[in-house]
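Data block for model-v8.txt (compact mmCIF, C-alpha atoms and all ligand atoms):
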# COMPACT_ATOMS: atom_id res chain seq x y z
CA MET A 1 0.00 0.00 0.00
CA ALA A 2 1.23 3.55 -0.73
CA GLU A 3 2.84 5.37 2.21
CA THR A 4 0.59 8.31 3.24
CA THR A 5 2.08 9.40 6.59
CA PRO A 6 5.78 10.08 7.36
CA ALA A 7 7.65 6.84 8.13
CA THR A 8 7.86 6.07 11.84
CA ASN A 9 9.24 2.53 11.62
CA PRO A 10 12.61 2.86 13.41
CA ALA A 11 14.26 0.20 11.22
CA LEU A 12 13.27 2.09 8.07
CA LEU A 13 14.39 5.42 9.51
CA ALA A 14 17.77 4.01 10.50
CA LEU A 15 18.31 2.55 7.01
CA ARG A 16 17.36 5.86 5.39
CA THR A 17 19.84 7.70 7.60
CA GLN A 18 22.52 5.31 6.36
CA ILE A 19 21.46 5.84 2.73
CA ASP A 20 21.68 9.62 3.21
CA ALA A 21 25.21 9.24 4.54
CA VAL A 22 26.21 7.00 1.60
CA ASP A 23 24.73 9.54 -0.84
CA ARG A 24 26.83 12.32 0.69
CA GLU A 25 29.90 10.09 0.40
CA LEU A 26 29.00 9.29 -3.21
CA LEU A 27 28.54 12.99 -4.00
CA SER A 28 31.93 13.80 -2.56
CA LEU A 29 33.53 10.93 -4.53
CA LEU A 30 31.78 12.02 -7.72
CA ASN A 31 33.10 15.52 -7.22
CA ARG A 32 36.61 14.13 -6.74
CA ARG A 33 36.16 12.24 -10.00
CA ALA A 34 34.86 15.39 -11.70
CA SER A 35 37.92 17.39 -10.55
CA LEU A 36 40.21 14.70 -11.97
CA ALA A 37 38.30 14.82 -15.28
CA GLN A 38 38.78 18.61 -15.31
CA GLU A 39 42.52 18.07 -14.87
CA VAL A 40 42.47 15.50 -17.69
CA GLY A 41 40.75 18.18 -19.77
CA GLU A 42 43.60 20.63 -19.07
CA VAL A 43 46.24 18.06 -20.04
CA LYS A 44 44.36 17.31 -23.29
CA LYS A 45 44.02 21.03 -24.08
CA LYS A 46 47.80 21.48 -23.64
CA GLU A 47 48.60 18.56 -25.95
CA GLY A 48 45.88 19.71 -28.39
CA SER A 49 43.90 16.45 -28.23
CA VAL A 50 40.17 15.74 -28.10
CA ALA A 51 38.06 15.33 -24.94
CA PHE A 52 35.86 12.38 -25.91
CA ARG A 53 37.63 8.99 -25.86
CA PRO A 54 35.09 6.26 -26.68
CA GLU A 55 37.66 3.48 -26.21
CA ARG A 56 38.51 4.72 -22.68
CA GLU A 57 34.84 4.98 -21.74
CA ALA A 58 34.20 1.45 -23.05
CA GLN A 59 37.17 0.15 -21.01
CA VAL A 60 35.95 1.91 -17.85
CA ILE A 61 32.52 0.25 -18.18
CA ASP A 62 33.91 -3.17 -19.18
CA GLY A 63 36.33 -3.08 -16.23
CA LEU A 64 33.68 -2.14 -13.67
CA LYS A 65 31.20 -4.73 -14.97
CA ALA A 66 33.86 -7.43 -14.67
CA LYS A 67 34.62 -6.44 -11.04
CA ASN A 68 31.03 -5.74 -9.92
CA PRO A 69 30.46 -7.77 -6.72
CA GLY A 70 26.67 -7.04 -6.61
CA PRO A 71 23.96 -6.81 -5.41
CA LEU A 72 23.85 -3.99 -8.01
CA HIS A 73 22.85 -5.70 -11.25
CA SER A 74 25.64 -5.71 -13.86
CA ASP A 75 23.20 -4.31 -16.46
CA SER A 76 22.87 -1.20 -14.27
CA VAL A 77 26.60 -0.46 -14.38
CA ALA A 78 26.76 0.82 -17.99
CA PRO A 79 23.87 3.34 -17.79
CA ILE A 80 25.03 4.70 -14.42
CA TRP A 81 28.64 5.18 -15.52
CA ARG A 82 27.65 6.57 -18.90
CA GLU A 83 25.86 9.36 -17.07
CA ILE A 84 28.77 9.92 -14.69
CA MET A 85 31.23 10.09 -17.59
CA SER A 86 28.87 12.34 -19.55
CA ALA A 87 28.80 14.82 -16.63
CA CYS A 88 32.61 14.61 -16.24
CA ARG A 89 33.17 15.05 -19.99
CA ALA A 90 30.94 18.14 -20.01
CA LEU A 91 33.44 19.75 -17.58
CA GLU A 92 36.18 19.27 -20.19
CA THR A 93 34.20 20.57 -23.18
CA PRO A 94 30.56 20.65 -24.43
CA THR A 95 29.63 17.70 -26.69
CA ARG A 96 27.30 18.76 -29.53
CA VAL A 97 25.37 15.78 -30.90
CA ALA A 98 23.21 15.84 -34.06
CA TYR A 99 20.40 13.34 -34.55
CA LEU A 100 17.02 12.98 -36.23
CA GLY A 101 14.61 15.04 -34.11
CA PRO A 102 12.29 16.35 -32.87
CA ALA A 103 12.38 15.46 -29.14
CA GLY A 104 11.16 11.93 -28.46
CA THR A 105 12.68 10.05 -31.42
CA PHE A 106 14.50 6.74 -30.98
CA SER A 107 17.54 8.55 -32.42
CA GLU A 108 17.39 10.92 -29.44
CA GLU A 109 17.16 7.93 -27.08
CA ALA A 110 20.21 6.39 -28.82
CA ALA A 111 22.16 9.67 -28.59
CA LEU A 112 21.40 10.01 -24.86
CA GLY A 113 22.14 6.33 -24.27
CA PHE A 114 25.56 6.63 -25.90
CA PHE A 115 26.73 10.08 -24.74
CA GLY A 116 24.65 10.45 -21.54
CA SER A 117 22.43 13.45 -20.95
CA SER A 118 25.14 16.12 -20.49
CA ILE A 119 25.22 17.00 -24.19
CA VAL A 120 24.15 19.85 -26.43
CA LYS A 121 21.29 18.45 -28.54
CA VAL A 122 21.32 19.38 -32.22
CA GLN A 123 17.97 18.20 -33.63
CA CYS A 124 17.86 17.65 -37.41
CA ALA A 125 14.91 17.24 -39.79
CA SER A 126 16.36 14.28 -41.74
CA ILE A 127 19.18 11.74 -41.82
CA ASP A 128 20.77 13.81 -44.63
CA GLU A 129 20.79 16.85 -42.33
CA VAL A 130 22.51 14.84 -39.56
CA PHE A 131 25.35 14.00 -41.99
CA ARG A 132 25.55 17.59 -43.33
CA THR A 133 25.47 19.19 -39.85
CA THR A 134 28.26 16.90 -38.65
CA SER A 135 30.32 17.37 -41.86
CA ALA A 136 30.01 21.15 -41.57
CA GLY A 137 31.13 21.14 -37.92
CA ALA A 138 27.86 22.50 -36.47
CA ALA A 139 27.85 19.29 -34.38
CA ASP A 140 30.84 17.31 -33.07
CA PHE A 141 29.07 13.98 -33.55
CA GLY A 142 26.09 12.62 -35.47
CA VAL A 143 23.91 9.63 -34.53
CA VAL A 144 22.19 7.79 -37.40
CA PRO A 145 20.24 4.50 -37.57
CA VAL A 146 21.97 1.88 -39.73
CA GLU A 147 19.91 -1.29 -39.39
CA ASN A 148 16.76 -2.66 -37.84
CA SER A 149 16.31 -6.29 -36.84
CA THR A 150 12.88 -6.46 -38.58
CA GLU A 151 13.32 -4.19 -41.59
CA GLY A 152 17.02 -4.58 -42.41
CA VAL A 153 19.30 -1.76 -43.48
CA VAL A 154 18.52 1.94 -43.29
CA ALA A 155 19.48 2.52 -46.92
CA ARG A 156 19.85 6.30 -46.74
CA SER A 157 22.47 6.08 -43.97
CA LEU A 158 24.49 3.46 -45.84
CA ASP A 159 24.39 5.50 -49.07
CA LEU A 160 25.55 8.65 -47.27
CA PHE A 161 28.50 6.79 -45.70
CA LEU A 162 29.83 6.48 -49.25
CA THR A 163 29.69 10.14 -50.18
CA GLU A 164 30.09 12.09 -46.91
CA PRO A 165 33.59 12.57 -45.42
CA LEU A 166 32.60 11.18 -42.00
CA PHE A 167 33.69 8.08 -40.15
CA ILE A 168 32.24 5.90 -37.41
CA ILE A 169 33.64 6.14 -33.87
CA GLY A 170 31.00 4.15 -32.03
CA GLU A 171 27.81 2.11 -32.14
CA THR A 172 24.83 1.65 -29.91
CA SER A 173 21.65 -0.37 -30.20
CA LEU A 174 18.17 0.04 -28.75
CA ALA A 175 15.20 -2.23 -28.14
CA VAL A 176 12.50 -0.51 -30.20
CA ARG A 177 8.98 -0.72 -28.78
CA GLN A 178 6.47 0.94 -31.08
CA ASN A 179 3.10 2.15 -29.77
CA LEU A 180 -0.04 3.49 -31.39
CA LEU A 181 -0.61 6.98 -29.99
CA ARG A 182 -3.64 9.25 -30.17
CA LYS A 183 -5.09 12.38 -28.67
CA GLU A 184 -8.34 10.43 -27.98
CA ASN A 185 -8.11 7.33 -25.82
CA SER A 186 -9.72 5.08 -28.47
CA LEU A 187 -8.98 3.16 -31.64
CA ALA A 188 -12.23 4.30 -33.31
CA ASN A 189 -12.46 6.66 -36.31
CA VAL A 190 -8.76 6.93 -37.13
CA SER A 191 -8.34 8.75 -40.48
CA ALA A 192 -4.61 7.99 -40.96
CA VAL A 193 -1.62 6.52 -39.11
CA CYS A 194 1.41 8.81 -39.39
CA ALA A 195 4.92 7.41 -38.84
CA HIS A 196 8.37 7.04 -40.34
CA PRO A 197 8.24 4.42 -43.16
CA GLN A 198 10.46 2.07 -41.07
CA ALA A 199 7.96 2.15 -38.18
CA LEU A 200 5.00 1.58 -40.52
CA ALA A 201 6.84 -1.47 -41.88
CA GLN A 202 7.75 -2.75 -38.38
CA CYS A 203 4.03 -2.69 -37.44
CA HIS A 204 2.63 -3.97 -40.76
CA GLY A 205 0.95 -7.08 -39.23
CA TRP A 206 -0.67 -5.20 -36.35
CA LEU A 207 -1.98 -2.44 -38.65
CA SER A 208 -3.39 -5.01 -41.09
CA ASN A 209 -5.24 -6.77 -38.22
CA HIS A 210 -6.48 -3.77 -36.25
CA LEU A 211 -6.76 -0.88 -38.72
CA PRO A 212 -6.97 -2.64 -42.12
CA GLN A 213 -8.77 0.15 -44.01
CA VAL A 214 -6.84 3.07 -42.54
CA GLU A 215 -4.37 5.09 -44.62
CA ARG A 216 -0.69 4.65 -43.59
CA ARG A 217 0.94 8.06 -44.03
CA PRO A 218 4.76 8.18 -44.12
CA VAL A 219 6.27 11.25 -42.39
CA SER A 220 9.87 12.37 -41.68
CA SER A 221 10.08 10.87 -38.16
CA ASN A 222 7.86 9.11 -35.63
CA ALA A 223 8.03 12.13 -33.34
CA GLU A 224 6.83 14.30 -36.25
CA GLY A 225 3.88 11.86 -36.61
CA ALA A 226 3.22 12.25 -32.87
CA ARG A 227 3.32 16.05 -33.24
CA LEU A 228 0.76 15.85 -36.08
CA ALA A 229 -1.46 13.51 -34.02
CA SER A 230 -1.35 16.00 -31.13
CA LEU A 231 -2.75 18.70 -33.46
CA ASP A 232 -5.42 16.59 -35.21
CA PRO A 233 -7.50 14.14 -33.06
CA SER A 234 -8.47 12.10 -36.14
CA LEU A 235 -4.81 11.08 -36.69
CA ALA A 236 -2.85 8.34 -34.94
CA ALA A 237 0.95 8.03 -34.72
CA ILE A 238 3.38 5.19 -34.17
CA ALA A 239 6.11 6.23 -31.75
CA SER A 240 7.82 5.67 -28.41
CA GLU A 241 6.31 6.11 -24.95
CA ARG A 242 8.66 9.10 -24.57
CA ALA A 243 6.99 10.71 -27.60
CA ALA A 244 3.57 10.01 -26.02
CA SER A 245 4.47 12.00 -22.91
CA GLU A 246 6.31 14.64 -24.95
CA PHE A 247 3.17 15.37 -27.03
CA GLY A 248 0.44 14.56 -24.46
CA LEU A 249 -0.93 11.50 -26.31
CA HIS A 250 -2.59 8.29 -25.09
CA VAL A 251 -0.99 4.91 -25.77
CA VAL A 252 -4.00 3.22 -27.41
CA GLY A 253 -1.95 0.27 -28.68
CA PRO A 254 1.11 -0.69 -26.62
CA ALA A 255 4.04 -2.65 -28.18
CA ILE A 256 2.51 -3.05 -31.65
CA GLN A 257 5.75 -3.97 -33.46
CA ASP A 258 5.44 -7.34 -35.23
CA ASP A 259 8.72 -8.62 -33.73
CA PRO A 260 8.86 -8.48 -29.91
CA HIS A 261 12.69 -8.42 -30.14
CA ASN A 262 12.71 -5.48 -32.57
CA ARG A 263 16.07 -3.60 -32.24
CA THR A 264 17.71 -0.75 -34.11
CA ARG A 265 21.46 -0.24 -34.36
CA PHE A 266 22.89 3.28 -34.61
CA ALA A 267 26.30 4.53 -35.75
CA ILE A 268 28.08 7.46 -34.09
CA LEU A 269 29.80 9.65 -36.69
CA THR A 270 32.38 12.39 -36.68
CA HIS A 271 34.70 14.27 -39.02
CA PRO A 272 38.24 12.85 -39.30
CA LEU A 273 39.79 16.34 -39.13
CA ARG A 274 38.14 16.99 -35.78
CA HIS A 275 38.47 13.61 -34.16
CA PRO A 276 41.07 10.83 -34.42
CA GLN A 277 40.16 7.20 -34.98
CA PRO A 278 39.58 5.59 -31.56
CA GLN A 279 42.49 3.56 -30.22
CA ALA A 280 42.05 -0.15 -29.60
CA SER A 281 39.84 -0.90 -26.58
CA GLY A 282 40.31 -4.67 -26.68
CA HIS A 283 36.78 -5.33 -28.05
CA ASP A 284 36.60 -3.48 -31.35
CA CYS A 285 34.82 -3.58 -34.67
CA THR A 286 35.98 -2.22 -38.04
CA SER A 287 33.40 -1.25 -40.69
CA LEU A 288 34.27 -1.14 -44.40
CA VAL A 289 32.56 -0.59 -47.71
CA VAL A 290 34.06 -2.26 -50.77
CA SER A 291 33.23 -3.26 -54.31
CA VAL A 292 34.76 -5.82 -56.67
CA THR A 293 34.59 -6.09 -60.44
CA ASN A 294 31.82 -8.37 -61.65
CA ARG A 295 33.53 -11.69 -62.48
CA PRO A 296 33.05 -15.30 -61.31
CA GLY A 297 34.47 -15.86 -57.81
CA ALA A 298 35.16 -12.17 -57.12
CA VAL A 299 33.15 -12.05 -53.87
CA HIS A 300 34.68 -15.33 -52.72
CA ASP A 301 38.21 -14.02 -53.39
CA MET A 302 37.45 -10.86 -51.48
CA LEU A 303 36.65 -12.85 -48.33
CA VAL A 304 39.65 -15.20 -48.50
CA PRO A 305 42.08 -12.79 -46.70
CA LEU A 306 39.68 -12.59 -43.74
CA LYS A 307 39.55 -16.37 -43.45
CA GLN A 308 43.33 -16.78 -43.92
CA HIS A 309 44.17 -14.34 -41.13
CA GLY A 310 41.46 -15.61 -38.75
CA VAL A 311 39.48 -12.36 -38.83
CA SER A 312 35.82 -12.87 -38.03
CA MET A 313 33.17 -11.11 -40.12
CA THR A 314 30.05 -10.06 -38.21
CA ARG A 315 28.11 -8.32 -40.99
CA PHE A 316 27.87 -8.54 -44.77
CA GLU A 317 25.37 -6.30 -46.52
CA SER A 318 25.01 -5.33 -50.16
CA ARG A 319 23.61 -2.17 -51.76
CA PRO A 320 23.20 -1.52 -55.49
CA ALA A 321 26.03 0.68 -56.84
CA ARG A 322 23.53 2.51 -59.11
CA SER A 323 25.78 1.99 -62.14
CA GLY A 324 23.00 0.21 -64.07
CA GLN A 325 25.37 -2.79 -64.34
CA TRP A 326 24.06 -4.95 -61.47
CA GLU A 327 27.12 -3.96 -59.46
CA TYR A 328 27.09 -3.72 -55.68
CA TYR A 329 28.78 -2.12 -52.71
CA PHE A 330 29.39 -4.51 -49.83
CA TYR A 331 29.19 -3.20 -46.27
CA ILE A 332 31.35 -5.41 -44.09
CA ASP A 333 31.96 -5.41 -40.32
CA ILE A 334 34.91 -7.35 -38.98
CA GLN A 335 35.96 -7.94 -35.41
CA GLY A 336 39.21 -6.27 -34.34
CA HIS A 337 41.25 -3.07 -34.73
CA PRO A 338 43.84 -2.30 -37.46
CA ASP A 339 46.43 -2.04 -34.64
CA GLN A 340 46.28 -5.87 -34.52
CA PRO A 341 48.73 -7.30 -37.09
CA ALA A 342 46.29 -9.99 -38.37
CA VAL A 343 43.59 -7.37 -38.96
CA ALA A 344 46.05 -4.96 -40.64
CA THR A 345 47.33 -7.69 -42.99
CA ALA A 346 43.83 -8.94 -43.83
CA LEU A 347 42.72 -5.37 -44.64
CA LYS A 348 45.81 -4.78 -46.83
CA GLU A 349 45.18 -7.98 -48.81
CA LEU A 350 41.46 -7.25 -49.05
CA ARG A 351 42.17 -3.75 -50.37
CA SER A 352 44.38 -5.20 -53.12
CA VAL A 353 41.50 -7.27 -54.59
CA CYS A 354 38.85 -4.52 -54.39
CA ALA A 355 37.90 -2.00 -57.08
CA PHE A 356 36.69 0.32 -54.29
CA PHE A 357 37.74 0.20 -50.62
CA LYS A 358 36.87 2.59 -47.78
CA VAL A 359 37.27 2.05 -44.05
CA LEU A 360 34.16 3.58 -42.47
CA GLY A 361 35.62 3.43 -38.98
CA THR A 362 37.08 1.43 -36.11
CA TYR A 363 35.33 1.64 -32.76
CA PRO A 364 34.61 -0.19 -29.50
CA ILE A 365 31.83 -2.81 -29.73
CA ASP A 366 28.67 -1.61 -27.96
CA VAL A 367 28.85 -2.31 -24.19
CA HIS A 368 25.51 -2.56 -22.39
C1 LIG B 401 38.36 11.88 -18.22
C2 LIG B 401 38.57 11.63 -19.52
O1 LIG B 401 37.82 12.22 -20.56
C3 LIG B 401 36.54 11.78 -20.98
C4 LIG B 401 35.76 11.33 -19.82
C5 LIG B 401 35.95 10.07 -19.31
C6 LIG B 401 35.52 9.70 -17.92
O2 LIG B 401 34.78 10.47 -17.32
O3 LIG B 401 35.99 8.65 -17.40
C7 LIG B 401 36.59 9.09 -20.10
C8 LIG B 401 37.02 9.36 -21.39
C9 LIG B 401 36.77 10.68 -22.02
O4 LIG B 401 35.70 10.57 -22.92
C10 LIG B 401 39.68 10.71 -19.95
O5 LIG B 401 40.04 10.71 -21.13
O6 LIG B 401 40.18 9.98 -19.08

Written as structure tokens, how would this file's structure read?
Ligand SMILES: C=C(O[C@@H]1C=C(C(=O)O)C=C[C@H]1O)C(=O)O
Amino acid sequence: MAETTPATNPALLALRTQIDAVDRELLSLLNRRASLAQEVGEVKKKEGSVAFRPEREAQVIDGLKAKNPGPLHSDSVAPIWREIMSACRALETPTRVAYLGPAGTFSEEAALGFFGSSIVKVQCASIDEVFRTTSAGAADFGVVPVENSTEGVVARSLDLFLTEPLFIIGETSLAVRQNLLRKENSLANVSAVCAHPQALAQCHGWLSNHLPQVERRPVSSNAEGARLASLDPSLAAIASERAASEFGLHVVGPAIQDDPHNRTRFAILTHPLRHPQPQASGHDCTSLVVSVTNRPGAVHDMLVPLKQHGVSMTRFESRPARSGQWEYYFYIDIQGHPDQPAVATALKELRSVCAFFKVLGTYPIDVH
């Protein structure tokens, strides 16, 4: 039952007194940590290097998770320390992060999950604008979706990796729970369902069963759909619970995505002139895009160096090269960092058999 009068139970009061004392100790320790981060910031300024070190942050979290004695759940370690490091990093320099807005998008959730909440939010109207804003230096980092476990690749992001001068310094993934949102608390008389095309596709089965006759209207983001639904009671949107509270909407259909394990993976981008490639963290991934000339065995030959040097491939995706010749770009993720001799040799040999070869980035594997 909810507590309505002040607690009088002496055991509870004594425990709360202890918690208050621990909190004060924690605050003082956090401030000690923050002062050290400020000093690190000064050292970096003197040597002219960047504040954000994704490999160091990944190692801090990995190390603490490995040593966590409990009862704190290990899954709680990463989000807590991400926030602590975000606050410490903000004392070194502000981190400007571009992502597909408005407030309440999954991209925003991914950006906050990766960088913590002590960031300067740069909301963009499209994935193209995230790339442009980051290329132009109006943001230090960009966060873009790259693949969804139900719908596959986010083609626009992959295409822009080819043409924009950015590289990947990190990845993060999110469980994506889609909900049907409305101003009215009912499923009746919906004129159209507004959402990003990816979300409409992720909820295809549910929409066909529950709203078979209703128009599915693609819009620039799910949060934009939620904004429209907040202005017009006849509309519904598909978006996150965060978007529901952001725009004052009811969740009239919770968790309507066809796949209960629906996840989206995001890449963290930056400009190579403003940020170096992350150093090896011990658990790294390298992303490439390559093409080979169209001849028998070409794709097989391309993969031989990886096998010969024991480099494991975790992703292999193809996109049409738009040459009209049935040629393709292959997006490949391998495990490891080019600092490792086997990875460096495999990449060198792979490059020699490719017509096109671009390293999209090397970065620590997502730590939860
Ligand atoms: C303090 C540092 O700077 C930043 C903040 C970190 C932290 O709070 O632990 C870790 C890496 C950097 O992104 C550092 O490089 O050690």

- prompt: Counting only C-alpha atoms, which of A:Ser245, A:Ser86, A:Asn179, A:Ser291 gets nearest to A:Asn222?
  reply: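 Closest to A:Asn222, using only C-alpha atoms: A:Asn179.
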
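The contact shell of ligand LIG 401 (chain B), defined as all polymer residues within 6 Å when all atoms listed in the file are used, comprises Ala37, Val40, Ala51, Phe52, Arg53, Pro54, Arg56, Glu57, Met85, Cys88 and Arg89 of chain A.
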
- prompt: At most 10 Å from (33.4, -6.9, -61.2), file frame, all atoms listed in the file: which residues, as number ranges by chain?
  reply: A: 291-299, 325-328, 354-355

Contact residues around stretch 149-163 of chain A with all atoms listed in the file at 10 Å, ignoring same-chain residues under 3 positions, as a PDB file with C-alpha atoms, in the coordinates of the input:
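Saved result, selection.pdb, follows:
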ATOM      1  CA  ILE A 127      19.180  11.740 -41.820  1.00  0.00           C
ATOM      2  CA  ASP A 128      20.770  13.810 -44.630  1.00  0.00           C
ATOM      3  CA  VAL A 130      22.510  14.840 -39.560  1.00  0.00           C
ATOM      4  CA  PHE A 131      25.350  14.000 -41.990  1.00  0.00           C
ATOM      5  CA  ARG A 132      25.550  17.590 -43.330  1.00  0.00           C
ATOM      6  CA  VAL A 144      22.190   7.790 -37.400  1.00  0.00           C
ATOM      7  CA  PRO A 145      20.240   4.500 -37.570  1.00  0.00           C
ATOM      8  CA  VAL A 146      21.970   1.880 -39.730  1.00  0.00           C
ATOM      9  CA  LEU A 166      32.600  11.180 -42.000  1.00  0.00           C
ATOM     10  CA  PHE A 167      33.690   8.080 -40.150  1.00  0.00           C
ATOM     11  CA  ILE A 168      32.240   5.900 -37.410  1.00  0.00           C
ATOM     12  CA  ALA A 175      15.200  -2.230 -28.140  1.00  0.00           C
ATOM     13  CA  VAL A 176      12.500  -0.510 -30.200  1.00  0.00           C
ATOM     14  CA  GLN A 198      10.460   2.070 -41.070  1.00  0.00           C
ATOM     15  CA  ALA A 199       7.960   2.150 -38.180  1.00  0.00           C
ATOM     16  CA  ALA A 201       6.840  -1.470 -41.880  1.00  0.00           C
ATOM     17  CA  GLN A 202       7.750  -2.750 -38.380  1.00  0.00           C
ATOM     18  CA  CYS A 203       4.030  -2.690 -37.440  1.00  0.00           C
ATOM     19  CA  GLN A 257       5.750  -3.970 -33.460  1.00  0.00           C
ATOM     20  CA  ASP A 258       5.440  -7.340 -35.230  1.00  0.00           C
ATOM     21  CA  ASP A 259       8.720  -8.620 -33.730  1.00  0.00           C
ATOM     22  CA  PRO A 260       8.860  -8.480 -29.910  1.00  0.00           C
ATOM     23  CA  HIS A 261      12.690  -8.420 -30.140  1.00  0.00           C
ATOM     24  CA  ASN A 262      12.710  -5.480 -32.570  1.00  0.00           C
ATOM     25  CA  ARG A 263      16.070  -3.600 -32.240  1.00  0.00           C
ATOM     26  CA  THR A 264      17.710  -0.750 -34.110  1.00  0.00           C
ATOM     27  CA  ARG A 265      21.460  -0.240 -34.360  1.00  0.00           C
ATOM     28  CA  PHE A 266      22.890   3.280 -34.610  1.00  0.00           C
ATOM     29  CA  ALA A 267      26.300   4.530 -35.750  1.00  0.00           C
ATOM     30  CA  LEU A 269      29.800   9.650 -36.690  1.00  0.00           C
ATOM     31  CA  LEU A 288      34.270  -1.140 -44.400  1.00  0.00           C
ATOM     32  CA  VAL A 289      32.560  -0.590 -47.710  1.00  0.00           C
ATOM     33  CA  VAL A 290      34.060  -2.260 -50.770  1.00  0.00           C
ATOM     34  CA  GLU A 317      25.370  -6.300 -46.520  1.00  0.00           C
ATOM     35  CA  SER A 318      25.010  -5.330 -50.160  1.00  0.00           C
ATOM     36  CA  ARG A 319      23.610  -2.170 -51.760  1.00  0.00           C
ATOM     37  CA  PRO A 320      23.200  -1.520 -55.490  1.00  0.00           C
ATOM     38  CA  ALA A 321      26.030   0.680 -56.840  1.00  0.00           C
ATOM     39  CA  TYR A 329      28.780  -2.120 -52.710  1.00  0.00           C
ATOM     40  CA  TYR A 331      29.190  -3.200 -46.270  1.00  0.00           C
ATOM     41  CA  LYS A 358      36.870   2.590 -47.780  1.00  0.00           C
ATOM     42  CA  LEU A 360      34.160   3.580 -42.470  1.00  0.00           C
TER      43      LEU A 360
END

query: Mind pulling up the distance from atom CA of A:Ser281 to atom CA of A:Ala58?
result: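 Computed distance, atom CA of A:Ala58 to atom CA of A:Ser281, equals 7.1 Å.
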